[in-house]
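Asks: I am sharing work07.cif, which consists of mmCIF, C-alpha atoms:
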```cif
data_protein
#
loop_
_atom_site.label_atom_id
_atom_site.label_comp_id
_atom_site.auth_asym_id
_atom_site.auth_seq_id
_atom_site.Cartn_x
_atom_site.Cartn_y
_atom_site.Cartn_z
CA MET A 1429 -17.18 -14.04 15.71
CA GLN A 1430 -19.73 -11.38 14.94
CA LEU A 1431 -19.49 -7.70 14.02
CA LYS A 1432 -22.20 -5.24 15.03
CA SER A 1433 -22.52 -1.74 13.55
CA ASN A 1434 -25.45 0.61 12.98
CA ASP A 1435 -27.95 -2.03 14.15
CA LYS A 1436 -26.61 -4.58 11.65
CA THR A 1437 -24.87 -7.83 12.59
CA PHE A 1438 -22.40 -9.71 10.37
CA ASP A 1439 -20.55 -13.02 10.50
CA LEU A 1440 -16.93 -11.94 11.08
CA LEU A 1441 -14.25 -14.31 9.76
CA GLU A 1442 -11.12 -12.21 10.39
CA ALA A 1443 -10.11 -8.93 12.01
CA SER A 1444 -6.56 -7.60 11.77
CA GLU A 1445 -4.86 -4.26 12.23
CA ARG A 1446 -1.80 -2.61 10.74
CA ASP A 1447 -0.53 0.82 9.72
CA GLU A 1448 -1.68 1.68 6.20
CA MET A 1449 -2.18 4.70 3.99
CA MET A 1450 -5.74 6.01 4.07
CA ALA A 1451 -6.99 9.35 2.79
CA GLY A 1452 -3.41 10.32 2.01
CA HIS A 1453 -2.06 9.70 5.52
CA ARG A 1454 -0.70 6.74 7.45
CA ARG A 1455 -3.23 5.54 9.98
CA LYS A 1456 -4.06 2.57 12.16
CA VAL A 1457 -6.43 0.57 9.94
CA LEU A 1458 -8.71 -2.29 11.00
CA THR A 1459 -9.33 -4.83 8.21
CA LEU A 1460 -12.51 -6.90 8.52
CA VAL A 1461 -13.45 -9.98 6.48
CA LEU A 1462 -17.21 -10.58 6.58
CA ASN A 1463 -19.01 -13.72 5.45
CA GLY A 1464 -22.40 -13.82 3.70
CA ALA A 1465 -22.80 -10.04 3.58
CA THR A 1466 -23.67 -7.84 0.64
CA TYR A 1467 -21.65 -4.83 -0.46
CA ALA A 1468 -24.65 -2.56 0.07
CA ASP A 1469 -25.28 -3.79 3.63
CA VAL A 1470 -21.64 -3.35 4.61
CA ALA A 1471 -21.50 0.14 3.09
CA ALA A 1472 -24.65 1.11 4.99
CA ALA A 1473 -23.33 -0.27 8.28
CA LEU A 1474 -19.76 1.02 8.20
CA THR A 1475 -20.33 4.75 8.01
CA ASP A 1476 -18.32 7.70 9.22
CA GLY A 1477 -18.23 7.86 13.02
CA THR A 1478 -19.94 4.51 13.60
CA THR A 1479 -19.12 2.42 16.68
CA LEU A 1480 -18.00 -1.16 15.99
CA THR A 1481 -18.62 -4.06 18.34
CA ILE A 1482 -16.82 -7.37 17.88
CA MET A 1483 -18.31 -10.31 19.75
CA ASP A 1484 -16.07 -13.37 20.16
CA ASP A 1485 -17.25 -16.97 20.31
CA GLN A 1486 -17.55 -16.76 24.11
CA GLY A 1487 -19.95 -13.83 23.89
CA HIS A 1488 -17.45 -11.18 25.02
CA ASP A 1489 -17.88 -7.75 23.42
CA ASN A 1490 -15.00 -5.54 22.26
CA VAL A 1491 -16.37 -2.06 21.58
CA ILE A 1492 -14.25 -0.06 19.13
CA THR A 1493 -14.74 3.70 19.00
CA ASP A 1494 -11.42 4.81 17.51
CA ARG A 1495 -11.62 3.11 14.08
CA THR A 1496 -14.47 5.11 12.65
CA LYS A 1497 -13.23 6.39 9.27
CA PRO A 1498 -14.61 4.24 6.43
CA GLY A 1499 -12.08 2.86 3.97
CA PRO A 1500 -12.38 0.70 0.84
CA ILE A 1501 -14.86 -2.17 0.64
CA THR A 1502 -14.01 -5.13 -1.61
CA ASP A 1503 -16.32 -7.87 -2.86
CA ASN A 1504 -14.02 -10.92 -2.97
CA ARG A 1505 -16.47 -12.86 -5.17
CA ASP A 1506 -16.34 -15.87 -2.86
CA GLY A 1507 -19.17 -14.90 -0.54
CA THR A 1508 -16.96 -12.64 1.57
CA ILE A 1509 -16.51 -8.89 1.80
CA THR A 1510 -13.34 -7.14 2.99
CA ALA A 1511 -13.84 -3.72 4.59
CA LYS A 1512 -11.42 -1.32 6.22
CA MET A 1513 -11.99 1.17 9.01
CA GLY A 1514 -9.25 3.66 9.90
CA ALA A 1515 -8.38 5.80 12.88
CA ALA A 1516 -10.55 8.93 12.86
CA ASN A 1517 -7.73 11.44 13.01
CA THR A 1518 -8.56 15.10 12.64
CA ILE A 1519 -7.02 17.06 9.80
CA GLU A 1520 -4.80 18.78 12.36
CA GLN A 1521 -3.60 15.42 13.74
CA ASP A 1522 -2.79 14.10 10.27
CA LEU A 1523 -0.86 17.22 9.35
CA GLN A 1524 0.99 17.35 12.67
CA ASP A 1525 1.96 13.67 12.42
CA GLU A 1526 3.26 14.27 8.91
CA VAL A 1527 5.24 17.35 9.94
CA THR A 1528 6.74 15.61 12.98
CA SER A 1529 7.68 12.51 11.00
CA LYS A 1530 9.33 14.47 8.23
CA ALA A 1531 11.18 16.74 10.67
CA GLU A 1532 12.60 13.70 12.47
CA ILE A 1533 13.76 12.16 9.19
CA ILE A 1534 15.42 15.36 8.00
CA THR A 1535 17.17 15.87 11.33
CA ALA A 1536 18.44 12.30 11.33
CA ILE A 1537 19.75 12.59 7.77
CA ALA A 1538 21.32 16.01 8.14
CA GLY A 1539 22.74 15.32 11.61
CA LYS A 1540 21.31 18.61 12.80
CA SER A 1541 18.06 20.52 13.00
CA VAL A 1542 17.10 22.03 9.63
CA GLN A 1543 15.60 25.49 10.04
CA THR A 1544 14.97 26.85 6.55
CA THR A 1545 13.47 25.60 3.30
CA ASP A 1546 16.79 26.25 1.54
CA GLU A 1547 18.60 24.03 4.03
CA ALA A 1548 15.97 21.32 3.59
CA ALA A 1549 16.19 21.55 -0.22
CA SER A 1550 19.96 21.18 -0.06
CA VAL A 1551 19.71 18.07 2.14
CA ARG A 1552 17.06 16.62 -0.16
CA ALA A 1553 19.21 17.14 -3.25
CA ASP A 1554 22.17 15.39 -1.61
CA VAL A 1555 20.00 12.46 -0.51
CA GLU A 1556 18.43 12.00 -3.93
CA SER A 1557 21.88 11.95 -5.55
CA LEU A 1558 23.02 9.23 -3.14
CA PHE A 1559 19.84 7.24 -3.76
CA VAL A 1560 20.34 7.29 -7.54
CA ALA A 1561 23.97 6.20 -7.18
CA SER A 1562 23.19 3.36 -4.74
CA THR A 1563 23.39 -0.34 -5.56
CA MET A 1564 20.52 -1.37 -3.26
CA ASP A 1565 18.25 -4.20 -4.34
CA ASP A 1566 14.50 -3.66 -4.75
CA ASP A 1567 13.80 -4.39 -1.08
CA GLY A 1568 16.39 -1.86 0.04
CA LYS A 1569 14.99 0.77 -2.27
CA ILE A 1570 11.51 0.25 -0.84
CA ARG A 1571 12.89 0.58 2.71
CA ALA A 1572 14.48 3.87 1.70
CA SER A 1573 11.63 4.99 -0.54
CA TYR A 1574 11.00 8.06 1.63
CA LEU A 1575 14.32 9.32 0.22
CA CYS A 1576 13.19 8.78 -3.35
CA LYS A 1577 11.81 11.41 -5.71
CA GLU A 1578 8.12 11.74 -6.41
CA TRP A 1579 7.24 11.15 -10.05
CA LYS A 1580 6.78 14.30 -12.15
CA PRO A 1581 5.96 14.76 -15.84
CA GLY A 1582 8.97 14.96 -18.10
CA LYS A 1583 11.73 12.79 -19.51
CA HIS A 1584 12.58 9.62 -17.56
CA GLU A 1585 15.56 7.34 -18.20
CA LYS A 1586 15.87 3.58 -17.74
CA GLY A 1587 16.89 2.71 -14.17
CA GLU A 1588 15.35 5.82 -12.62
CA VAL A 1589 13.43 5.13 -9.38
CA TYR A 1590 10.60 7.20 -7.92
CA ASN A 1591 7.36 7.05 -5.93
CA ALA A 1592 3.86 7.27 -7.43
CA ILE A 1593 0.33 6.08 -6.51
CA GLY A 1594 1.41 4.33 -3.32
CA GLN A 1595 4.27 2.34 -4.91
CA THR A 1596 7.96 2.69 -5.67
CA TRP A 1597 8.71 2.23 -9.38
CA GLU A 1598 11.72 1.73 -11.64
CA VAL A 1599 11.80 2.81 -15.28
CA HIS A 1600 12.49 -0.27 -17.41
CA GLN A 1601 12.01 1.56 -20.73
CA SER A 1602 12.95 5.23 -21.17
CA TYR A 1603 10.16 7.63 -22.11
CA ASP A 1604 9.39 11.32 -22.47
CA ASN A 1605 6.11 12.31 -20.87
CA SER A 1606 6.16 15.69 -22.61
CA ALA A 1607 6.05 13.90 -25.97
CA ASN A 1608 3.67 11.19 -24.71
CA PRO A 1609 1.38 12.86 -22.14
CA ASP A 1610 -0.71 9.69 -21.67
CA ILE A 1611 2.16 7.96 -19.83
CA VAL A 1612 1.07 8.89 -16.32
CA PRO A 1613 0.60 6.87 -13.11
CA GLY A 1614 -2.53 4.75 -13.36
CA ASP A 1615 -2.86 4.86 -17.15
CA LYS A 1616 -2.89 1.55 -19.05
CA SER A 1617 0.39 2.54 -20.74
CA TRP A 1618 2.13 3.05 -17.38
CA PRO A 1619 3.40 -0.57 -16.90
CA VAL A 1620 4.85 -0.60 -20.42
CA PHE A 1621 7.54 1.75 -19.15
CA ASN A 1622 7.56 1.32 -15.36
CA ARG A 1623 7.74 -1.70 -13.06
CA PRO A 1624 6.74 -1.76 -9.36
CA LEU A 1625 9.43 -2.81 -6.89
CA HIS A 1626 8.54 -5.86 -4.78
CA GLY A 1627 9.46 -6.22 -1.11
CA LYS A 1628 11.11 -9.29 0.38
CA THR A 1629 9.70 -8.90 3.89
CA ALA A 1630 6.33 -8.26 5.47
CA ALA A 1631 7.49 -4.74 6.34
CA THR A 1632 8.26 -3.88 2.70
CA ALA A 1633 5.18 -5.52 1.17
CA ARG A 1634 3.31 -3.23 -1.19
CA PRO A 1635 -0.19 -3.54 -2.71
CA TRP A 1636 -0.62 -6.14 -5.47
CA VAL A 1637 0.05 -4.88 -9.00
CA LYS A 1638 -0.88 -7.29 -11.78
CA PRO A 1639 2.24 -8.19 -13.81
CA GLU A 1640 1.91 -7.19 -17.44
CA HIS A 1641 5.33 -7.89 -18.98
CA GLY A 1642 6.57 -11.39 -18.24
CA THR A 1643 9.78 -11.56 -16.23
CA THR A 1644 10.07 -7.77 -16.10
CA ASP A 1645 7.43 -7.25 -13.41
CA MET A 1646 6.55 -10.78 -12.26
CA TYR A 1647 6.61 -11.75 -8.59
CA HIS A 1648 9.59 -13.87 -7.56
CA THR A 1649 9.99 -16.53 -4.89
CA GLY A 1650 10.28 -14.97 -1.43
CA GLU A 1651 8.63 -11.66 -2.32
CA TYR A 1652 5.64 -10.31 -0.40
CA MET A 1653 2.59 -8.30 -1.37
CA ILE A 1654 -0.70 -7.09 0.10
CA TYR A 1655 -3.58 -8.47 -1.94
CA THR A 1656 -6.97 -6.91 -2.63
CA ASP A 1657 -8.48 -8.77 0.35
CA GLY A 1658 -6.17 -6.81 2.65
CA ALA A 1659 -4.13 -9.90 3.56
CA LEU A 1660 -0.36 -10.33 3.34
CA TYR A 1661 0.91 -13.01 0.93
CA LYS A 1662 4.34 -14.56 0.32
CA CYS A 1663 5.28 -15.76 -3.16
CA LEU A 1664 6.35 -19.43 -3.20
CA GLN A 1665 7.23 -19.64 -6.90
CA ASP A 1666 7.94 -17.12 -9.67
CA THR A 1667 4.57 -16.12 -11.08
CA ASN A 1668 2.51 -13.59 -13.02
CA PHE A 1669 -0.73 -14.82 -11.44
CA SER A 1670 -2.68 -13.62 -8.42
CA PRO A 1671 -3.80 -15.78 -5.46
CA ASP A 1672 -7.26 -15.96 -7.07
CA GLU A 1673 -5.82 -17.16 -10.37
CA TYR A 1674 -3.17 -19.63 -9.05
CA ALA A 1675 -3.48 -20.07 -5.30
CA GLN A 1676 -0.77 -22.75 -4.90
CA VAL A 1677 2.08 -20.31 -5.59
CA TRP A 1678 1.03 -17.96 -2.77
CA GLU A 1679 1.08 -18.42 1.00
CA LYS A 1680 -1.29 -16.26 3.02
CA GLN A 1681 0.43 -14.88 6.13
CA GLU A 1682 -1.44 -14.97 9.41
CA GLY A 1683 -1.72 -12.02 11.82
#
```
The structure in this file should be written as structure tokens.
Replies:
Amino acid sequence: MQLKSNDKTFDLLEASERDEMMAGHRRKVLTLVLNGATYADVAAALTDGTTLTIMDDQGHDNVITDRTKPGPITDNRDGTITAKMGAANTIEQDLQDEVTSKAEIITAIAGKSVQTTDEAASVRADVESLFVASTMDDDGKIRASYLCKEWKPGKHEKGEVYNAIGQTWEVHQSYDNSANPDIVPGDKSWPVFNRPLHGKTAATARPWVKPEHGTTDMYHTGEYMIYTDGALYKCLQDTNFSPDEYAQVWEKQEG
């Protein structure tokens, strides 16, 4: 296959689409794996508003005009480049989708339409209390992560679960952020105190996070993750290594 964009043509190895977070909102995202391209050429070709054309091996063209928001570009260091192009939603569309989605969730949880912020806050408090008291496994907690608290600075106890930087985390060592302000999402000290939850299905797969603390945050047999190449992988054996480091313990999922 070939990909054409902005007068440039690339050897296209794979093209897949799924819902992903981009620019802070969930969008339809097209993931492209290009062979023999340079990072600079791909960045120059996949610009905001560009039209993509995918030509199959029979010479048929598929012109794509609704995946025109540039996403991350990754050099896989094996001669391939992975690039993402998302749906070009307007700010109004993103906000309206978010409002509609959250309103539907609140209504379903409360069993009635919630009209005021005080009513919504009350429902949220009840839900968070139930979430903390639940005995769900990691996969269940990811499925219900929209009910979980967002991480905030302060004191956090072992076993607490919350969302931060696109993941759902559990505290495995208590800490007080007010006393140790460097313990924040993304800092090198973060995994010392927090472990990412791993999904057990394709639907609950979350982006790869390199394990840092042995069995505490390692990937276990049957867990799934989305690697840096944008592909979905299933863990075949307990491991702390990535597909690049130890390929035989990971199975790349097709589609």
Asks: Skipping near chain neighbours, those fewer than 2 positions away, what residues fall within 10 Å of A:Asn1517 using only C-alpha atoms, listed as a list in words?
Replies: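 Here the qualifying residues turn out to be His1453, Arg1455, Lys1456, Asp1494, Arg1495, Thr1496, Lys1497, Gly1514, Ala1515, Ile1519, Glu1520, Gln1521, Asp1522, Leu1523 and Asp1525 of chain A.
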Asks: A:Gly1650: which residues within 10 Å, counting all atoms listed in the file, same-chain residues fewer than 4 positions away excluded, as an NGL selection string?
Replies: :A and (1626-1629 or 1661-1666 or 1678)
Asks: Between atom CA of A:Thr1656 and atom CA of A:Leu1575, what distance in Å does the model show, to one decimal?
Replies: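 Distance reported for this atom pair: 26.9 Å.
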Asks: Mind telling me what the PyMOL selection byres ((chain A and resi 1444) around 12) catches here, as an MDAnalysis selection string?
Replies: chainID A and resid 1440:1443 1445:1448 1456:1461 1482 1510:1514 1657:1660 1681:1683
Asks: Counting only C-alpha atoms, which residue out of A:Lys1436, A:Gln1676, A:Asn1504, A:Asn1463 sits closest to A:Thr1479?
Replies: A:Lys1436
